[in-house]
Amino acid sequence: SQQIPANRPVTLLGLGAMGTALARTWLAAGHPLTVWNRTPSRADALVADGAKAAATAAEAVAASPLVVVCLLDGASVTTTLADVDLTGKDLVDLTTGTPEQARRRAEWARARGARFLDGGIMAVPPMIGVPQSGPFIFYSGSRDLFDEHRATLQAPADATFTGEDPGFASLHDIALLSGMYGMFSGVTHAFALIRNEDISPTGFAPLLKGWINAMSEGIDQVAQRLESGDYTTGVVSNLAMQVAGIPTFLDTAKGQNVSPELLTPYFALMERLLAAGHGEEDTARTVDLLTTTP
Ligand code: FVH
C-alpha cells in the first residue's frame with residue numbers, strides 16, 4: 001500500500017486571528033507550512049517559527065497539494081483565488097459563509113480542477129489547538145479529500161464530517177450558533193430581570209448555568225419528537241400550561257422595568273400552537289411553525 005507521509009505540507013491563505021491560530025497548530029505538529037496574507041507583515045512571527053511566506057497567493061497554492069483558506073468572507077476568497085491555478089489541488093475553505101455560498105464554491109472549485117471541502121469552525125482563536133477547551137470543525141464536501149487529509153485537519157481541532165453536500169458544514173455551523181444566540185437571549189433577559197435588585201450577577205450566574213444545563217436535556221426530546229412525529233407521549237409541561245404562564249412572565253418583566261422583546265416572539269409561537277388545538281402537546285412542535293416546504 002502507498003506510504004503516506006505523517007506530516008504533509010499545508011498551504012494556508014489568510015493570517016487573521018483565526019488563520020494565525022490554525023497556522024501555529026500545523027507548525028507545532030511538524031507540517032511544512034507555506035503561508036500567504038494580503039498584509040505580508042502578519043506572516044513575520046510565523047516565519048520566525050518555521051513557516052515559509054509566499055509572495056503571492058499563486059505561489060503559496062503551488063507549494064502544497066492541500067490548500068486551506070481562512071479569510072474574512074466569500075468575496076475575499078474570490079478575489080484572492082481569482083487568477084490562481086487550482087488544478088489537482090485539495091481546497092479547504094474555512095471562511096464563514098452560507099450553505100448556498102459553500103455549494104457555489106464547490107462548483108467553482110470543481111470547474112477549476114480542485115477537490116473541495118467547506119469547513120465551519122466551532123471555536124474562537126484561543127481554543128484552536130487546545131483540545132481540552134472543546135473546539136471542533138465541521139467539514140462537508142469531498143469525502144475522499146476529508147479521509148485523505150483527516151490527520152492534518154485534526155491538528156487545529158476535532159474534525160467532524162457532516163456530509164457530501166458542501167453546504168452541510170456551514171448549515172451545522174449556523175444552526176449551532178443560532179442555538180447559542182437563543183440561549184444568550186434568554187440569559188440576557190434573566191440578567192435584566194435581576195439587574196436593578198440587590199442580587200449579585202456573579203452569585204446568580206451559577207444558578208442560571210445549572211438550570212440551563214439541566215434544561216439542555218430537553219434537546220434530545222425535541223429531536224425524538226421531530227423524528228417520531230409524536231408530540232404527546234410523556235409530556236410533562238404541556239403547551240396549555242405554559243401559555244397560561246405567559247402573563248406571569250410579562251407582568252414580571254413589566255414590574256422589573258425590563259423590555260419583554262426577547263421573549264415575546266417565542267411566546268407568540270406558543271400561542272399560535274394553542275389556538276390551533278395543540279394544547280396537550282409539547283412545545284417541540286413550534287419547529288414546524290417556523291419551517292415552510294421549499
Ligand atoms: N475569530 C473568530 O472568533 C471566528 C471564529 C469562527 C470562525 N471565524 C471565521 O474565520 C474567518 C477568519 O476570521 P479571522 O478571525 O481570522 O478574521 P480577521 O482577523 O478579521 O482576519 C481576516 C483575514 O482576511 C484577510 N482579508 C480581508 N479582506 C481581504 C481581501 N479583500 N483580500 C484578501 N484578504 C483579505 C485579512 O487580511 P489582512 O487584513 O491581514 O491583509 C485577514 O487575513 C472569518 O470568515 C470568520 O467569520 C472566526
# chains A, B, ... in the order shown; residues from 1 in each chain; ligands from 1
>>> select_by_dssp(residues="stretch 108-146 of chain A", states="strand (DSSP E)", output="PyMOL selection string")
chain A and resi 115-122+136-141
>>> residues_near_ligand(ligand="ligand 1", cutoff="8 Å", atoms="only C-alpha atoms and all ligand atoms", output="compact mmCIF listing (two decimals) with C-alpha atoms, in the first residue's frame")
# COMPACT_ATOMS: atom_id res chain seq x y z
CA LEU A 13 -4.11 31.68 2.88
CA GLY A 14 -5.19 34.21 5.49
CA LEU A 15 -3.39 35.15 8.68
CA GLY A 16 -6.05 36.96 10.64
CA ALA A 17 -6.75 35.96 14.24
CA MET A 18 -8.12 32.56 13.20
CA GLY A 19 -5.64 31.87 10.39
CA THR A 20 -2.71 32.60 12.68
CA ASN A 37 -1.53 37.06 3.69
CA ARG A 38 -2.68 40.25 1.94
CA THR A 39 -0.74 42.26 4.53
CA PRO A 40 2.60 40.43 4.39
CA ARG A 42 1.37 39.34 9.55
CA CYS A 70 -9.35 31.28 6.13
CA LEU A 71 -10.23 34.79 5.02
CA LEU A 72 -12.74 37.39 6.08
CA ASP A 73 -15.60 36.43 3.74
CA GLY A 74 -16.53 34.86 0.42
CA ALA A 75 -15.66 37.99 -1.55
CA SER A 76 -12.09 37.97 -0.22
CA VAL A 77 -11.75 34.28 -1.16
CA THR A 79 -10.53 37.94 -5.04
CA THR A 80 -7.59 36.02 -3.61
CA LEU A 94 -12.72 27.62 6.50
CA THR A 95 -14.12 31.08 5.77
CA THR A 96 -17.56 31.53 7.32
CA GLY A 97 -20.41 31.69 4.80
CA GLY A 120 -17.35 25.61 9.80
CA ILE A 121 -15.17 26.40 12.79
CA MET A 122 -16.86 25.90 16.16
CA ALA A 123 -14.22 27.71 18.19
CA VAL A 124 -12.66 31.09 18.81
CA PRO A 125 -8.94 31.52 18.14
>>> residues_around(residues="A:Asp93", least_positions_apart="5", cutoff="12 Å", atoms="only C-alpha atoms", output="JSON, numbers by chain")
{"A": [11, 12, 13, 14, 19, 66, 67, 68, 69, 70, 71, 72, 73, 74, 76, 77, 78, 81, 101, 102, 103, 105, 106, 109, 115, 116, 117, 118, 119, 120, 121, 137, 138, 139, 140, 141, 153, 166, 167, 169, 170]}
>>> write_last_selection(atoms="C-alpha atoms", output="mmCIF file, in the first residue's frame")
data_model
loop_
_atom_site.group_PDB
_atom_site.id
_atom_site.type_symbol
_atom_site.label_atom_id
_atom_site.label_comp_id
_atom_site.auth_asym_id
_atom_site.auth_seq_id
_atom_site.Cartn_x
_atom_site.Cartn_y
_atom_site.Cartn_z
ATOM 1 C CA THR A 11 -0.612 25.983 2.439
ATOM 2 C CA LEU A 12 -2.658 28.499 4.392
ATOM 3 C CA LEU A 13 -4.113 31.675 2.884
ATOM 4 C CA GLY A 14 -5.195 34.212 5.490
ATOM 5 C CA GLY A 19 -5.645 31.869 10.391
ATOM 6 C CA LEU A 66 -3.535 20.828 0.433
ATOM 7 C CA VAL A 67 -4.615 24.472 0.423
ATOM 8 C CA VAL A 68 -6.565 25.885 3.379
ATOM 9 C CA VAL A 69 -8.248 29.263 3.091
ATOM 10 C CA CYS A 70 -9.354 31.283 6.129
ATOM 11 C CA LEU A 71 -10.226 34.794 5.018
ATOM 12 C CA LEU A 72 -12.738 37.388 6.078
ATOM 13 C CA ASP A 73 -15.598 36.435 3.739
ATOM 14 C CA GLY A 74 -16.526 34.862 0.418
ATOM 15 C CA SER A 76 -12.092 37.968 -0.215
ATOM 16 C CA VAL A 77 -11.747 34.281 -1.159
ATOM 17 C CA THR A 78 -12.939 35.006 -4.698
ATOM 18 C CA LEU A 81 -8.032 32.914 -5.773
ATOM 19 C CA GLN A 101 -22.187 30.071 -0.851
ATOM 20 C CA ALA A 102 -20.406 26.798 0.045
ATOM 21 C CA ARG A 103 -22.311 24.918 -2.675
ATOM 22 C CA ARG A 105 -17.766 27.479 -4.055
ATOM 23 C CA ALA A 106 -17.705 23.684 -4.503
ATOM 24 C CA ALA A 109 -13.541 24.716 -7.309
ATOM 25 C CA ARG A 115 -11.426 18.817 -4.899
ATOM 26 C CA PHE A 116 -13.281 20.833 -2.263
ATOM 27 C CA LEU A 117 -14.243 20.778 1.390
ATOM 28 C CA ASP A 118 -16.075 23.530 3.194
ATOM 29 C CA GLY A 119 -15.492 23.986 6.922
ATOM 30 C CA GLY A 120 -17.349 25.605 9.799
ATOM 31 C CA ILE A 121 -15.173 26.402 12.791
ATOM 32 C CA ILE A 137 -14.621 21.966 12.941
ATOM 33 C CA PHE A 138 -17.455 20.725 10.730
ATOM 34 C CA TYR A 139 -16.469 19.662 7.219
ATOM 35 C CA SER A 140 -18.599 18.841 4.174
ATOM 36 C CA GLY A 141 -17.981 18.123 0.503
ATOM 37 C CA LEU A 153 -7.271 18.578 9.551
ATOM 38 C CA PRO A 166 -20.901 21.022 0.556
ATOM 39 C CA GLY A 167 -23.471 23.231 2.298
ATOM 40 C CA ALA A 169 -20.781 22.184 7.326
ATOM 41 C CA SER A 170 -21.986 25.748 7.108
#
>>> residues_around(residues="stretch 188-194 of chain A", least_positions_apart="5", cutoff="7 Å", atoms="only C-alpha atoms", output="PDB file with N, CA and C atoms, in the first residue's frame")
ATOM      1  N   ILE A 199     -29.168  41.676  43.997  1.00  0.00           N
ATOM      2  CA  ILE A 199     -28.793  40.284  43.668  1.00  0.00           C
ATOM      3  C   ILE A 199     -27.516  40.385  42.846  1.00  0.00           C
ATOM      4  N   ALA A 253     -41.693  41.039  33.968  1.00  0.00           N
ATOM      5  CA  ALA A 253     -40.805  41.917  33.189  1.00  0.00           C
ATOM      6  C   ALA A 253     -41.217  43.375  33.372  1.00  0.00           C
ATOM      7  N   GLN A 256     -40.312  44.763  36.672  1.00  0.00           N
ATOM      8  CA  GLN A 256     -38.861  44.990  36.822  1.00  0.00           C
ATOM      9  C   GLN A 256     -38.354  46.041  35.829  1.00  0.00           C
ATOM     10  N   VAL A 258     -38.310  45.836  32.612  1.00  0.00           N
ATOM     11  CA  VAL A 258     -37.500  45.136  31.601  1.00  0.00           C
ATOM     12  C   VAL A 258     -38.348  44.934  30.341  1.00  0.00           C
ATOM     13  N   LEU A 262     -37.263  40.088  23.983  1.00  0.00           N
ATOM     14  CA  LEU A 262     -36.545  38.854  23.640  1.00  0.00           C
ATOM     15  C   LEU A 262     -37.412  37.614  23.841  1.00  0.00           C
TER      16      LEU A 262
END
>>> residues_around(residues="A:Ala155", least_positions_apart="5", cutoff="10 Å", atoms="only C-alpha atoms", output="PDB file with N, CA and C atoms, in the first residue's frame")
ATOM      1  N   LEU A  22      -4.604  28.756  13.478  1.00  0.00           N
ATOM      2  CA  LEU A  22      -4.520  27.495  12.719  1.00  0.00           C
ATOM      3  C   LEU A  22      -3.075  27.208  12.337  1.00  0.00           C
ATOM      4  N   ALA A  23      -2.403  28.243  11.843  1.00  0.00           N
ATOM      5  CA  ALA A  23      -1.016  28.085  11.384  1.00  0.00           C
ATOM      6  C   ALA A  23      -0.137  27.534  12.505  1.00  0.00           C
ATOM      7  N   ARG A  24      -0.341  28.052  13.690  1.00  0.00           N
ATOM      8  CA  ARG A  24       0.516  27.628  14.817  1.00  0.00           C
ATOM      9  C   ARG A  24       0.350  26.131  15.115  1.00  0.00           C
ATOM     10  N   THR A  25      -0.859  25.618  14.937  1.00  0.00           N
ATOM     11  CA  THR A  25      -1.060  24.189  15.243  1.00  0.00           C
ATOM     12  C   THR A  25      -0.361  23.309  14.206  1.00  0.00           C
ATOM     13  N   TRP A  26      -0.367  23.746  12.933  1.00  0.00           N
ATOM     14  CA  TRP A  26       0.304  22.915  11.921  1.00  0.00           C
ATOM     15  C   TRP A  26       1.813  22.983  12.092  1.00  0.00           C
ATOM     16  N   LEU A  27       2.305  24.157  12.464  1.00  0.00           N
ATOM     17  CA  LEU A  27       3.743  24.248  12.740  1.00  0.00           C
ATOM     18  C   LEU A  27       4.112  23.358  13.931  1.00  0.00           C
ATOM     19  N   ALA A  28       3.310  23.444  14.977  1.00  0.00           N
ATOM     20  CA  ALA A  28       3.604  22.664  16.193  1.00  0.00           C
ATOM     21  C   ALA A  28       3.562  21.169  15.909  1.00  0.00           C
ATOM     22  N   ALA A  29       2.698  20.761  14.958  1.00  0.00           N
ATOM     23  CA  ALA A  29       2.588  19.328  14.631  1.00  0.00           C
ATOM     24  C   ALA A  29       3.629  18.901  13.602  1.00  0.00           C
ATOM     25  N   HIS A  31       4.121  20.090  10.430  1.00  0.00           N
ATOM     26  CA  HIS A  31       3.784  20.150   8.996  1.00  0.00           C
ATOM     27  C   HIS A  31       4.573  21.266   8.321  1.00  0.00           C
ATOM     28  N   ILE A 128      -8.225  27.098  19.537  1.00  0.00           N
ATOM     29  CA  ILE A 128      -7.602  26.284  18.480  1.00  0.00           C
ATOM     30  C   ILE A 128      -6.307  25.654  19.004  1.00  0.00           C
ATOM     31  N   GLY A 129      -6.193  24.343  18.805  1.00  0.00           N
ATOM     32  CA  GLY A 129      -5.002  23.626  19.267  1.00  0.00           C
ATOM     33  C   GLY A 129      -5.013  23.348  20.754  1.00  0.00           C
ATOM     34  N   VAL A 130      -6.156  23.576  21.397  1.00  0.00           N
ATOM     35  CA  VAL A 130      -6.282  23.308  22.842  1.00  0.00           C
ATOM     36  C   VAL A 130      -7.440  22.313  23.014  1.00  0.00           C
ATOM     37  N   PRO A 131      -7.164  21.003  22.833  1.00  0.00           N
ATOM     38  CA  PRO A 131      -8.253  20.023  22.770  1.00  0.00           C
ATOM     39  C   PRO A 131      -9.173  20.050  23.983  1.00  0.00           C
ATOM     40  N   ARG A 150      -7.515  13.721   6.860  1.00  0.00           N
ATOM     41  CA  ARG A 150      -8.125  13.803   8.188  1.00  0.00           C
ATOM     42  C   ARG A 150      -7.098  14.117   9.284  1.00  0.00           C
TER      43      ARG A 150
END
>>> closest_residue(among="A:Glu197, A:Asp173, A:Asp49, A:Asp282", to="A:Asn238", atoms="only C-alpha atoms")
A:Asp282
>>> atom_distance(atom1="atom CA of A:Ser185", atom2="atom CA of A:Glu280")
26.8 Å
>>> residues_around(residues="A:Ser41", least_positions_apart="5", cutoff="12 Å", atoms="only C-alpha atoms", output="ChimeraX atom specification")
/A:14-16,35-36,46-48,53-55
>>> residues_around(residues="A:Arg8", least_positions_apart="2", cutoff="10 Å", atoms="only C-alpha atoms", output="ChimeraX atom specification")
/A:4-6,10,26,30-33,64-66,149,151-152
>>> atom_distance(atom1="atom CA of A:Ala175", atom2="atom CA of A:Tyr231")
22.1 Å
>>> atom_distance(atom1="atom CA of A:Gly179", atom2="atom CA of A:Ile212")
12.5 Å
>>> select_by_dssp(residues="stretch 172-291 of chain A", states="alpha helix (DSSP H)", output="count of residues only")
82
